[in-house]
file target_37.txt (compact mmCIF, N, CA and C atoms)
# COMPACT_ATOMS: atom_id res chain seq x y z
N ILE A 1 19.87 -13.73 4.58
CA ILE A 1 21.13 -14.42 4.54
C ILE A 1 21.83 -13.96 3.26
N PRO A 2 22.96 -13.28 3.38
CA PRO A 2 23.64 -12.73 2.21
C PRO A 2 23.97 -13.79 1.17
N GLY A 3 23.68 -13.46 -0.09
CA GLY A 3 24.01 -14.35 -1.19
C GLY A 3 22.98 -15.42 -1.50
N LEU A 4 21.90 -15.50 -0.75
CA LEU A 4 20.88 -16.52 -0.98
C LEU A 4 19.51 -15.87 -1.14
N HIS A 5 18.62 -16.60 -1.79
CA HIS A 5 17.22 -16.18 -1.83
C HIS A 5 16.34 -17.43 -1.86
N GLY A 6 15.10 -17.24 -1.48
CA GLY A 6 14.16 -18.34 -1.48
C GLY A 6 12.74 -17.81 -1.38
N LYS A 7 11.80 -18.64 -1.76
CA LYS A 7 10.39 -18.27 -1.74
C LYS A 7 9.78 -18.66 -0.40
N VAL A 8 9.12 -17.70 0.22
CA VAL A 8 8.52 -17.90 1.54
C VAL A 8 7.02 -17.61 1.43
N PRO A 9 6.16 -18.50 1.94
CA PRO A 9 4.73 -18.19 1.91
C PRO A 9 4.43 -17.02 2.85
N ARG A 10 3.69 -16.06 2.35
CA ARG A 10 3.32 -14.88 3.14
C ARG A 10 1.86 -14.53 2.85
N TYR A 11 1.22 -13.91 3.83
CA TYR A 11 -0.12 -13.38 3.62
C TYR A 11 -0.03 -12.14 2.75
N MET A 12 -0.99 -11.96 1.86
CA MET A 12 -1.00 -10.80 0.97
C MET A 12 -1.71 -9.60 1.60
N GLN A 13 -2.38 -9.81 2.71
CA GLN A 13 -3.04 -8.72 3.43
C GLN A 13 -2.88 -8.99 4.92
N ILE A 14 -2.42 -7.98 5.66
CA ILE A 14 -2.25 -8.12 7.11
C ILE A 14 -2.70 -6.85 7.81
N SER A 15 -3.02 -6.98 9.07
CA SER A 15 -3.24 -5.84 9.96
C SER A 15 -2.16 -5.91 11.02
N ILE A 16 -1.55 -4.77 11.31
CA ILE A 16 -0.44 -4.74 12.25
C ILE A 16 -0.69 -3.65 13.29
N ARG A 17 -0.34 -3.95 14.51
CA ARG A 17 -0.43 -2.97 15.60
C ARG A 17 0.98 -2.79 16.14
N TYR A 18 1.39 -1.53 16.34
CA TYR A 18 2.75 -1.26 16.80
C TYR A 18 2.77 0.02 17.62
N GLN A 19 3.87 0.22 18.32
CA GLN A 19 4.08 1.45 19.08
C GLN A 19 5.21 2.25 18.45
N ASP A 20 5.01 3.57 18.39
CA ASP A 20 6.08 4.43 17.88
C ASP A 20 7.07 4.75 19.00
N LEU A 21 8.05 5.57 18.72
CA LEU A 21 9.10 5.87 19.70
C LEU A 21 8.59 6.61 20.92
N GLU A 22 7.42 7.25 20.80
CA GLU A 22 6.82 7.93 21.95
C GLU A 22 5.86 7.03 22.72
N GLY A 23 5.74 5.77 22.32
CA GLY A 23 4.88 4.82 23.02
C GLY A 23 3.42 4.86 22.58
N ARG A 24 3.09 5.61 21.54
CA ARG A 24 1.71 5.67 21.04
C ARG A 24 1.44 4.43 20.19
N THR A 25 0.26 3.86 20.37
CA THR A 25 -0.13 2.67 19.61
C THR A 25 -0.77 3.09 18.29
N HIS A 26 -0.40 2.38 17.22
CA HIS A 26 -0.94 2.62 15.88
C HIS A 26 -1.39 1.28 15.30
N GLU A 27 -2.35 1.34 14.39
CA GLU A 27 -2.78 0.16 13.64
C GLU A 27 -2.68 0.49 12.16
N HIS A 28 -2.32 -0.51 11.38
CA HIS A 28 -2.10 -0.29 9.95
C HIS A 28 -2.49 -1.54 9.19
N ASP A 29 -3.20 -1.38 8.08
CA ASP A 29 -3.49 -2.48 7.16
C ASP A 29 -2.49 -2.41 6.01
N ALA A 30 -1.90 -3.53 5.67
CA ALA A 30 -0.91 -3.57 4.59
C ALA A 30 -1.32 -4.63 3.57
N TYR A 31 -1.00 -4.37 2.31
CA TYR A 31 -1.38 -5.24 1.21
C TYR A 31 -0.17 -5.52 0.32
N SER A 32 -0.22 -6.64 -0.38
CA SER A 32 0.73 -7.01 -1.42
C SER A 32 2.18 -7.01 -0.91
N SER A 33 3.08 -6.37 -1.65
CA SER A 33 4.50 -6.42 -1.29
C SER A 33 4.78 -5.70 0.03
N TRP A 34 3.97 -4.68 0.37
CA TRP A 34 4.15 -4.00 1.66
C TRP A 34 3.84 -4.97 2.80
N ALA A 35 2.81 -5.78 2.66
CA ALA A 35 2.49 -6.78 3.68
C ALA A 35 3.61 -7.81 3.78
N THR A 36 4.15 -8.23 2.65
CA THR A 36 5.25 -9.19 2.64
C THR A 36 6.47 -8.62 3.35
N LEU A 37 6.80 -7.39 3.05
CA LEU A 37 7.97 -6.75 3.66
C LEU A 37 7.80 -6.62 5.18
N LEU A 38 6.61 -6.22 5.63
CA LEU A 38 6.39 -6.09 7.08
C LEU A 38 6.51 -7.44 7.78
N GLN A 39 6.00 -8.50 7.16
CA GLN A 39 6.13 -9.83 7.76
C GLN A 39 7.60 -10.25 7.84
N HIS A 40 8.35 -9.94 6.80
CA HIS A 40 9.78 -10.26 6.77
C HIS A 40 10.50 -9.53 7.91
N GLU A 41 10.21 -8.26 8.09
CA GLU A 41 10.88 -7.48 9.14
C GLU A 41 10.44 -7.93 10.54
N CYS A 42 9.17 -8.27 10.71
CA CYS A 42 8.72 -8.80 12.01
C CYS A 42 9.42 -10.12 12.32
N ASP A 43 9.64 -10.94 11.30
CA ASP A 43 10.41 -12.17 11.51
C ASP A 43 11.79 -11.86 12.07
N HIS A 44 12.45 -10.84 11.51
CA HIS A 44 13.77 -10.45 12.03
C HIS A 44 13.69 -10.09 13.52
N LEU A 45 12.66 -9.35 13.89
CA LEU A 45 12.51 -8.95 15.29
C LEU A 45 12.29 -10.17 16.19
N ASP A 46 11.71 -11.22 15.64
CA ASP A 46 11.47 -12.45 16.40
C ASP A 46 12.62 -13.46 16.27
N GLY A 47 13.70 -13.07 15.59
CA GLY A 47 14.85 -13.97 15.44
C GLY A 47 14.66 -15.06 14.41
N ILE A 48 13.76 -14.85 13.46
CA ILE A 48 13.46 -15.86 12.44
C ILE A 48 14.08 -15.43 11.12
N LEU A 49 14.85 -16.32 10.49
CA LEU A 49 15.41 -16.08 9.16
C LEU A 49 14.52 -16.77 8.13
N TYR A 50 14.46 -16.21 6.92
CA TYR A 50 13.49 -16.72 5.95
C TYR A 50 13.61 -18.21 5.64
N PRO A 51 14.80 -18.86 5.65
CA PRO A 51 14.80 -20.31 5.40
C PRO A 51 13.97 -21.08 6.43
N MET A 52 13.82 -20.53 7.61
CA MET A 52 13.02 -21.19 8.64
C MET A 52 11.54 -21.17 8.28
N ARG A 53 11.13 -20.31 7.37
CA ARG A 53 9.74 -20.21 6.92
C ARG A 53 9.50 -20.92 5.59
N MET A 54 10.57 -21.32 4.92
CA MET A 54 10.41 -21.95 3.61
C MET A 54 9.78 -23.33 3.75
N THR A 55 8.84 -23.64 2.86
CA THR A 55 8.20 -24.95 2.87
C THR A 55 8.92 -25.95 1.98
N ASP A 56 9.80 -25.45 1.09
CA ASP A 56 10.56 -26.32 0.19
C ASP A 56 11.99 -25.79 0.09
N LEU A 57 12.89 -26.35 0.89
CA LEU A 57 14.28 -25.86 0.91
C LEU A 57 15.04 -26.16 -0.38
N SER A 58 14.49 -26.98 -1.26
CA SER A 58 15.15 -27.20 -2.55
C SER A 58 15.09 -25.94 -3.41
N LEU A 59 14.23 -24.99 -3.04
CA LEU A 59 14.12 -23.73 -3.78
C LEU A 59 15.08 -22.66 -3.26
N LEU A 60 15.85 -22.97 -2.24
CA LEU A 60 16.87 -22.04 -1.74
C LEU A 60 17.97 -21.95 -2.79
N ALA A 61 18.34 -20.73 -3.19
CA ALA A 61 19.29 -20.57 -4.28
C ALA A 61 20.23 -19.40 -4.01
N TYR A 62 21.34 -19.38 -4.75
CA TYR A 62 22.28 -18.27 -4.65
C TYR A 62 21.78 -17.09 -5.45
N ASN A 63 22.18 -15.89 -5.05
CA ASN A 63 21.72 -14.66 -5.67
C ASN A 63 22.53 -14.23 -6.89
N ASP A 64 23.25 -15.13 -7.53
CA ASP A 64 23.97 -14.70 -8.73
C ASP A 64 22.98 -14.32 -9.83
N GLU A 65 21.77 -14.85 -9.75
CA GLU A 65 20.68 -14.43 -10.63
C GLU A 65 19.35 -14.75 -9.95
N PRO A 66 18.30 -13.98 -10.25
CA PRO A 66 17.03 -14.21 -9.58
C PRO A 66 16.21 -15.35 -10.17
N GLY A 67 16.72 -16.05 -11.18
CA GLY A 67 16.11 -17.27 -11.69
C GLY A 67 14.65 -17.16 -12.07
N PRO A 68 13.77 -17.93 -11.40
CA PRO A 68 12.36 -17.96 -11.78
C PRO A 68 11.70 -16.58 -11.77
N LEU A 69 12.10 -15.72 -10.86
CA LEU A 69 11.52 -14.38 -10.82
C LEU A 69 11.85 -13.61 -12.10
N ALA A 70 13.10 -13.70 -12.56
CA ALA A 70 13.49 -13.02 -13.81
C ALA A 70 12.71 -13.57 -14.99
N ARG A 71 12.54 -14.89 -15.04
CA ARG A 71 11.78 -15.49 -16.14
C ARG A 71 10.33 -15.05 -16.10
N GLU A 72 9.76 -14.95 -14.90
CA GLU A 72 8.38 -14.50 -14.78
C GLU A 72 8.23 -13.04 -15.20
N VAL A 73 9.18 -12.20 -14.82
CA VAL A 73 9.15 -10.79 -15.24
C VAL A 73 9.26 -10.70 -16.76
N ALA A 74 10.12 -11.52 -17.36
CA ALA A 74 10.30 -11.48 -18.81
C ALA A 74 9.07 -11.97 -19.56
N SER A 75 8.39 -12.99 -19.03
CA SER A 75 7.28 -13.60 -19.75
C SER A 75 5.92 -13.01 -19.41
N ASN A 76 5.76 -12.47 -18.19
CA ASN A 76 4.45 -11.99 -17.76
C ASN A 76 4.59 -10.82 -16.79
N PRO A 77 5.13 -9.68 -17.23
CA PRO A 77 5.34 -8.58 -16.29
C PRO A 77 4.06 -8.06 -15.65
N ALA A 78 2.92 -8.19 -16.33
CA ALA A 78 1.66 -7.70 -15.76
C ALA A 78 1.25 -8.52 -14.54
N GLY A 79 1.74 -9.75 -14.43
CA GLY A 79 1.37 -10.61 -13.31
C GLY A 79 2.33 -10.55 -12.14
N VAL A 80 3.31 -9.64 -12.20
CA VAL A 80 4.33 -9.54 -11.15
C VAL A 80 4.21 -8.20 -10.44
N ASP A 81 4.29 -8.22 -9.13
CA ASP A 81 4.24 -6.99 -8.34
C ASP A 81 5.34 -6.04 -8.81
N PRO A 82 5.03 -4.75 -9.01
CA PRO A 82 6.05 -3.79 -9.47
C PRO A 82 7.31 -3.75 -8.60
N LEU A 83 7.18 -4.00 -7.31
CA LEU A 83 8.36 -4.02 -6.44
C LEU A 83 9.36 -5.08 -6.91
N PHE A 84 8.85 -6.25 -7.31
CA PHE A 84 9.73 -7.32 -7.75
C PHE A 84 10.28 -7.07 -9.15
N ILE A 85 9.50 -6.41 -10.00
CA ILE A 85 10.02 -6.02 -11.32
C ILE A 85 11.21 -5.09 -11.13
N ASP A 86 11.06 -4.12 -10.24
CA ASP A 86 12.16 -3.19 -9.96
C ASP A 86 13.38 -3.94 -9.43
N LEU A 87 13.16 -4.91 -8.56
CA LEU A 87 14.26 -5.70 -8.01
C LEU A 87 15.02 -6.41 -9.13
N VAL A 88 14.30 -7.04 -10.03
CA VAL A 88 14.94 -7.76 -11.14
C VAL A 88 15.69 -6.79 -12.04
N GLU A 89 15.09 -5.64 -12.33
CA GLU A 89 15.74 -4.68 -13.23
C GLU A 89 16.98 -4.05 -12.63
N ARG A 90 17.09 -4.02 -11.32
CA ARG A 90 18.26 -3.42 -10.66
C ARG A 90 19.32 -4.46 -10.26
N TRP A 91 19.04 -5.74 -10.53
CA TRP A 91 19.96 -6.80 -10.12
C TRP A 91 21.32 -6.61 -10.78
N PRO A 92 22.42 -6.67 -10.02
CA PRO A 92 23.75 -6.52 -10.62
C PRO A 92 24.01 -7.58 -11.69
N GLY A 93 24.54 -7.15 -12.82
CA GLY A 93 24.87 -8.08 -13.89
C GLY A 93 23.67 -8.67 -14.60
N ARG A 94 22.53 -8.00 -14.55
CA ARG A 94 21.31 -8.57 -15.11
C ARG A 94 21.39 -8.86 -16.60
N SER A 95 22.29 -8.19 -17.31
CA SER A 95 22.40 -8.42 -18.76
C SER A 95 22.79 -9.86 -19.08
N ARG A 96 23.45 -10.55 -18.15
CA ARG A 96 23.84 -11.95 -18.38
C ARG A 96 22.64 -12.87 -18.53
N TRP A 97 21.56 -12.60 -17.81
CA TRP A 97 20.44 -13.53 -17.79
C TRP A 97 19.14 -12.93 -18.27
N PHE A 98 19.08 -11.59 -18.42
CA PHE A 98 17.82 -10.95 -18.79
C PHE A 98 17.88 -10.39 -20.20
N GLY A 99 19.08 -10.35 -20.79
CA GLY A 99 19.21 -9.90 -22.16
C GLY A 99 19.01 -8.41 -22.37
N LYS A 100 19.19 -7.61 -21.32
CA LYS A 100 19.02 -6.15 -21.45
C LYS A 100 20.24 -5.46 -20.94
call {"tool": "encode", "arguments": {"input": "target_37.txt", "output": "structure tokens"}}
result
Amino acid sequence: IPGLHGKVPRYMQISIRYQDLEGRTHEHDAYSSWATLLQHECDHLDGILYPMRMTDLSLLAYNDEPGPLAREVASNPAGVDPLFIDLVERWPGRSRWFGK
């Protein structure tokens, strides 16, 4: 949903089976942010938007800043998946809230 973000519970490890454009079946194990991304995209295919998966809608927020994620990157970058660190560092206008 453009302009919003929220935290969605996701499995950190998944196995996925899919067919390619030629109809061949493949299986793939995914971990960490790759597993999260695949679950997000499968939700799209099933017509599910991430707020429908959120367990606490009070955490739904506007994307003018990444909020808790930016604070976590600033205070504990070793504990944050590199994909999310990159997201925070590329956020438009990040100097307003990240001091860089």
call {"tool": "atom_distance", "arguments": {"input": "target_37.txt", "atom1": "atom CA of Lys7 of chain A", "atom2": "atom CA of His28 of chain A"}}
result
24.8 Å
call {"tool": "closest_residue", "arguments": {"input": "target_37.txt", "among": "A:Asp29, A:Phe84, A:Asp43, A:Gly23", "to": "Ala70 of chain A", "atoms": "only C-alpha atoms"}}
result
A:Phe84
call {"tool": "closest_atom_pairs", "arguments": {"input": "target_37.txt", "of": "segment 10-41 of chain A", "to": "segment 46-60 of chain A", "cutoff": "12 Å", "atoms": "only C-alpha atoms", "output": "tab-separated table"}}
result
residue	atom	partner	partner_atom	distance
A:Arg10	CA	A:Arg53	CA	9.2
A:Thr36	CA	A:Tyr50	CA	11.6
A:Leu37	CA	A:Tyr50	CA	11.6
A:Gln39	CA	A:Tyr50	CA	10.2
A:His40	CA	A:Tyr50	CA	7.5
A:Glu41	CA	A:Asp46	CA	8.8
call {"tool": "select_by_dssp", "arguments": {"input": "target_37.txt", "residues": "segment 23-90 of chain A", "states": "strand (DSSP E or B)", "output": "list of chain:residue names"}}
result
A:Thr25, A:His26, A:Glu27, A:His28, A:Asp29, A:Ala30, A:Tyr31, A:Ala61, A:Tyr62
call {"tool": "closest_residue", "arguments": {"input": "target_37.txt", "among": "A:Leu83, A:Ala78, A:Val73, A:Val88", "to": "Ser33 of chain A", "atoms": "all atoms listed in the file"}}
result
A:Leu83
call {"tool": "select_by_dssp", "arguments": {"input": "target_37.txt", "residues": "chain A", "states": "helix (DSSP H, G or I)", "output": "PyMOL selection string"}}
result
chain A and resi 32-45+50-52+57-59+68-75+77-79+82-90+95-98
call {"tool": "atom_distance", "arguments": {"input": "target_37.txt", "atom1": "atom C of Gln13 of chain A", "atom2": "atom C of Gly79 of chain A"}}
result
17.9 Å
call {"tool": "closest_residue", "arguments": {"input": "target_37.txt", "among": "A:His44, A:Ile14, A:Arg71, A:Gln19", "to": "Tyr31 of chain A", "atoms": "all atoms listed in the file"}}
result
A:Ile14
call {"tool": "residues_near_point", "arguments": {"input": "target_37.txt", "point": "(1.3, 2.9, 14.0)", "cutoff": "5 Å", "atoms": "all atoms listed in the file", "output": "list in words"}}
result
Tyr18, Thr25, His26 and Glu27 of chain A
call {"tool": "axis_aligned_box", "arguments": {"input": "target_37.txt", "around": "segment 36-43 of chain A", "padding_each_side": "5 Å", "output": "JSON"}}
result
{"center_x": 8.0, "center_y": -9.1, "center_z": 7.5, "size_x": 17.6, "size_y": 16.1, "size_z": 19.7}
call {"tool": "closest_residue", "arguments": {"input": "target_37.txt", "among": "A:Trp34, A:Pro77, A:Ala61, A:Asp20", "to": "Gly6 of chain A", "atoms": "all atoms listed in the file"}}
result
A:Ala61
call {"tool": "atom_distance", "arguments": {"input": "target_37.txt", "atom1": "atom CA of Ala30 of chain A", "atom2": "atom N of Tyr11 of chain A"}}
result
10.6 Å
